[in-house]
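Participant: Data: start_0.cif, mmCIF, C-alpha atoms.
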data_final
loop_
_atom_site.label_atom_id
_atom_site.label_comp_id
_atom_site.auth_asym_id
_atom_site.auth_seq_id
_atom_site.Cartn_x
_atom_site.Cartn_y
_atom_site.Cartn_z
CA MET A 267 99.92 88.21 73.71
CA TYR A 268 102.10 88.26 76.84
CA SER A 269 101.37 84.75 78.12
CA GLN A 270 104.86 83.54 77.19
CA LEU A 271 106.39 86.45 79.10
CA PHE A 272 104.34 85.58 82.20
CA ASP A 273 105.48 81.96 81.86
CA GLU A 274 109.09 83.12 81.85
CA LEU A 275 108.60 85.47 84.81
CA ASN A 276 106.93 82.67 86.78
CA ASN A 277 109.47 80.02 85.80
CA LYS A 278 110.80 79.94 89.37
CA LYS A 279 108.21 80.24 92.13
CA PRO A 280 110.08 80.18 95.43
CA ASP A 281 109.12 82.46 98.30
CA GLY A 282 105.38 82.34 97.49
CA VAL A 283 105.86 84.97 94.76
CA PHE A 284 104.17 85.00 91.36
CA PHE A 285 103.37 87.46 88.54
CA ILE A 286 99.90 87.80 87.03
CA PRO A 287 98.35 90.26 84.57
CA PHE A 288 97.55 93.62 86.17
CA SER A 289 94.03 94.45 87.30
CA LYS A 290 92.80 97.75 88.70
CA VAL A 291 91.62 95.86 91.79
CA HIS A 292 95.23 94.96 92.63
CA TYR A 293 96.19 98.63 92.92
CA GLN A 294 93.07 99.46 94.91
CA SER A 295 93.89 96.78 97.51
CA MET A 296 97.48 97.91 98.05
CA ARG A 297 98.72 100.26 100.76
CA ILE A 298 100.77 102.83 98.85
CA THR A 299 103.18 105.23 100.58
CA GLN A 300 105.31 106.31 97.58
CA LYS A 301 105.36 110.12 97.64
CA ASP A 302 105.18 110.52 93.88
CA ILE A 303 102.16 108.21 93.61
CA LEU A 304 100.39 110.01 96.43
CA ALA A 305 101.08 113.32 94.67
CA HIS A 306 99.58 111.95 91.43
CA GLN A 307 96.37 111.00 93.24
CA GLN A 308 95.60 114.71 93.65
CA TYR A 309 95.28 115.12 89.89
CA PHE A 310 93.87 111.88 88.47
CA ASP A 311 92.67 108.40 89.36
CA VAL A 312 95.91 106.39 89.45
CA ALA A 313 94.14 103.04 89.04
CA ASP A 314 92.45 104.28 85.84
CA LYS A 315 95.78 105.62 84.53
CA LEU A 316 97.46 102.25 85.18
CA GLU A 317 94.64 100.50 83.36
CA MET A 318 95.19 102.76 80.33
CA GLN A 319 98.92 102.05 80.40
CA ASN A 320 98.15 98.34 80.57
CA GLU A 321 96.19 98.69 77.32
CA ILE A 322 99.16 100.19 75.44
CA GLY A 323 102.01 98.34 77.16
CA PHE A 324 102.70 95.55 79.59
CA CYS A 325 101.68 95.53 83.26
CA ALA A 326 102.11 92.79 85.83
CA THR A 327 101.21 92.49 89.48
CA VAL A 328 103.54 90.63 91.81
CA PHE A 329 101.84 88.68 94.56
CA LEU A 330 103.48 87.51 97.77
CA ASN A 331 101.49 84.99 99.79
CA LEU A 332 98.36 85.85 97.77
CA ASN A 333 98.66 89.61 98.41
CA PRO A 334 99.55 92.15 95.71
CA VAL A 335 102.82 93.79 96.71
CA MET A 336 104.18 95.36 93.51
CA ILE A 337 102.94 96.44 90.11
CA PHE A 338 105.35 96.77 87.21
CA GLY A 339 104.71 98.38 83.87
CA ILE A 340 106.47 98.92 80.58
CA VAL A 341 105.13 101.65 78.31
CA PRO A 342 106.49 101.65 74.75
CA ILE A 343 107.75 104.96 73.42
CA TRP A 344 108.73 103.67 69.97
CA HIS A 345 110.23 100.49 68.54
CA GLY A 346 112.91 99.18 70.90
CA VAL A 347 112.46 101.91 73.52
CA ALA A 348 110.19 101.84 76.57
CA GLU A 349 109.78 103.40 79.98
CA ALA A 350 109.39 101.19 83.04
CA TRP A 351 107.65 101.99 86.29
CA MET A 352 106.95 100.21 89.55
CA ILE A 353 104.56 100.78 92.42
CA ALA A 354 105.15 98.99 95.71
CA ASP A 355 102.83 98.27 98.60
CA ASN A 356 104.34 99.56 101.84
CA THR A 357 104.34 96.05 103.33
CA ILE A 358 107.00 95.03 100.79
CA ARG A 359 109.49 97.21 102.70
CA LYS A 360 109.48 94.43 105.30
CA LYS A 361 110.80 92.08 102.58
CA PRO A 362 113.49 94.12 100.76
CA TYR A 363 115.30 91.00 99.54
CA ILE A 364 112.18 89.77 97.74
CA LEU A 365 111.47 93.26 96.35
CA SER A 366 114.96 93.43 94.90
CA LYS A 367 115.07 89.84 93.66
CA TYR A 368 111.83 90.01 91.70
CA SER A 369 112.40 93.55 90.49
CA LYS A 370 115.76 92.46 89.09
CA ARG A 371 114.06 89.44 87.50
CA PHE A 372 111.48 91.69 85.84
CA ILE A 373 114.06 94.25 84.66
CA ASP A 374 116.33 91.52 83.27
CA ILE A 375 113.66 89.43 81.49
CA VAL A 376 111.18 91.92 80.06
CA PRO A 377 113.53 94.02 77.87
CA VAL A 378 114.92 90.87 76.25
CA SER A 379 111.44 89.39 75.73
CA LEU A 380 110.16 92.64 74.23
CA ALA A 381 113.31 93.22 72.11
CA LEU A 382 114.14 96.55 73.75
CA HIS A 383 117.48 98.24 73.21
CA ARG A 384 116.69 100.97 75.74
CA LEU A 385 114.70 100.86 78.96
CA GLN A 386 114.37 104.09 80.91
CA ILE A 387 112.93 105.15 84.25
CA THR A 388 112.52 108.36 86.21
CA VAL A 389 113.52 108.42 89.87
CA ARG A 390 112.87 111.15 92.41
CA ILE A 391 116.31 112.59 93.28
CA ALA A 392 115.40 113.20 96.93
CA ASP A 393 114.54 109.51 97.39
CA LYS A 394 118.08 108.25 98.00
CA ARG A 395 116.86 104.70 98.63
CA ALA A 396 115.09 104.61 95.25
CA VAL A 397 118.14 106.02 93.45
CA SER A 398 120.41 103.43 95.07
CA TRP A 399 117.95 100.66 94.26
CA ALA A 400 117.70 101.77 90.60
CA ARG A 401 121.49 101.61 90.37
CA PHE A 402 121.37 98.08 91.84
CA LEU A 403 118.96 97.12 89.06
CA GLY A 404 121.51 98.33 86.50
CA PHE A 405 120.21 101.79 85.67
CA THR A 406 122.51 104.81 85.27
CA GLU A 407 121.71 108.52 85.43
CA GLU A 408 121.54 110.43 82.16
CA GLY A 409 120.26 113.78 83.31
CA ILE A 410 118.07 115.74 85.67
CA LEU A 411 114.43 116.51 84.96
CA ARG A 412 113.85 119.73 86.87
CA ARG A 413 110.43 120.28 88.45
CA TYR A 414 109.31 117.08 86.72
CA GLY A 415 107.05 115.54 89.38
CA PRO A 416 103.45 116.53 90.04
CA ASP A 417 104.76 118.20 93.19
CA GLN A 418 107.54 119.89 91.13
CA ALA A 419 110.24 117.61 92.56
CA ASN A 420 113.40 116.96 90.54
CA TYR A 421 113.93 113.50 89.03
CA TYR A 422 116.76 111.63 87.39
CA MET A 423 116.25 110.20 83.93
CA MET A 424 117.94 106.80 84.16
CA ARG A 425 118.52 104.13 81.52
CA LYS A 426 119.56 100.54 81.20
#
Represent the supplied structure as structure tokens.
Facilitator:
Amino acid sequence: MYSQLFDELNNKKPDGVFFIPFSKVHYQSMRITQKDILAHQQYFDVADKLEMQNEIGFCATVFLNLNPVMIFGIVPIWHGVAEAWMIADNTIRKKPYILSKYSKRFIDIVPVSLALHRLQITVRIADKRAVSWARFLGFTEEGILRRYGPDQANYYMMRK
């Protein structure tokens, strides 16, 4: 179903980067340091949750030099509206240019390919780097979700 989307995402393959369909094994082999993901692990198996989201939406793993470094997902809410998420391996922080370049590619291509008129994300307010990065990707704040995170942290609802 999504093979054409993967073809488009992989149209340019510089930097040893490529997108493939998500597998639970990809998540399990990554070194995750994102606070919100670590907080989720206290309550449920994150890999299983990602697998369920993959069944109802679209998930892709980004590999750099044959290592999984990011996982992206789009979960449909209703026709034309979806929520995006991303999980990054901590080694990607050594390659911020590549993280940004391929994240922008994903965020620019997927909504058009899936005919979305709204793409939304939630971003932990205290994570200034993540908020700045979301703005770089073209997202704007719409409101504050108070005590939204599993650790009761506040988040921005952002849209593109």
Participant: If you count all atoms listed in the file, which residues fall within 6 Å of Val347 in chain A, apart from same-chain ones fewer than 5 positions away, as a PDB file with C-alpha atoms, in the coordinates of the input?
Facilitator:
ATOM      1  CA  LEU A 382     114.140  96.550  73.750  1.00  0.00           C
ATOM      2  CA  ARG A 384     116.690 100.970  75.740  1.00  0.00           C
ATOM      3  CA  LEU A 385     114.700 100.860  78.960  1.00  0.00           C
TER       4      LEU A 385
END
Participant: Can you pull out the residues contacting range 355-368 of chain A? Cut-off 9 Å, using all atoms listed in the file, and skip same-chain residues under 3 positions away; I want them as a list in words.
Facilitator: Leu275, Asp281, Val283, Tyr293, Met296, Arg297, Ile298, Thr299, Gln300, Val328, Leu330, Pro334, Val335, Met336, Ile337, Arg371, Phe372, Ile373, Trp399, Phe402 and Leu403 of chain A
Participant: For Glu321 in chain A, which residue out of A:Ala392, A:Val376, A:Ala419, A:Val341 is the nearest one, using only C-alpha atoms?
Facilitator: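 Under the stated criterion, the closest residue is A:Val341.
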Participant: Given the choices A:Cys325, A:Arg395, A:Met352, A:Ile303, which gets closest to Asp417 in chain A if the distance is worked out from only C-alpha atoms?
Facilitator: A:Ile303
Participant: Between A:Asp374, A:Ala400, A:Glu349, A:His292, which is the closest to Glu274 in chain A once you count all atoms listed in the file?
Facilitator: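 So, comparing all the options, the nearest one is A:Asp374.
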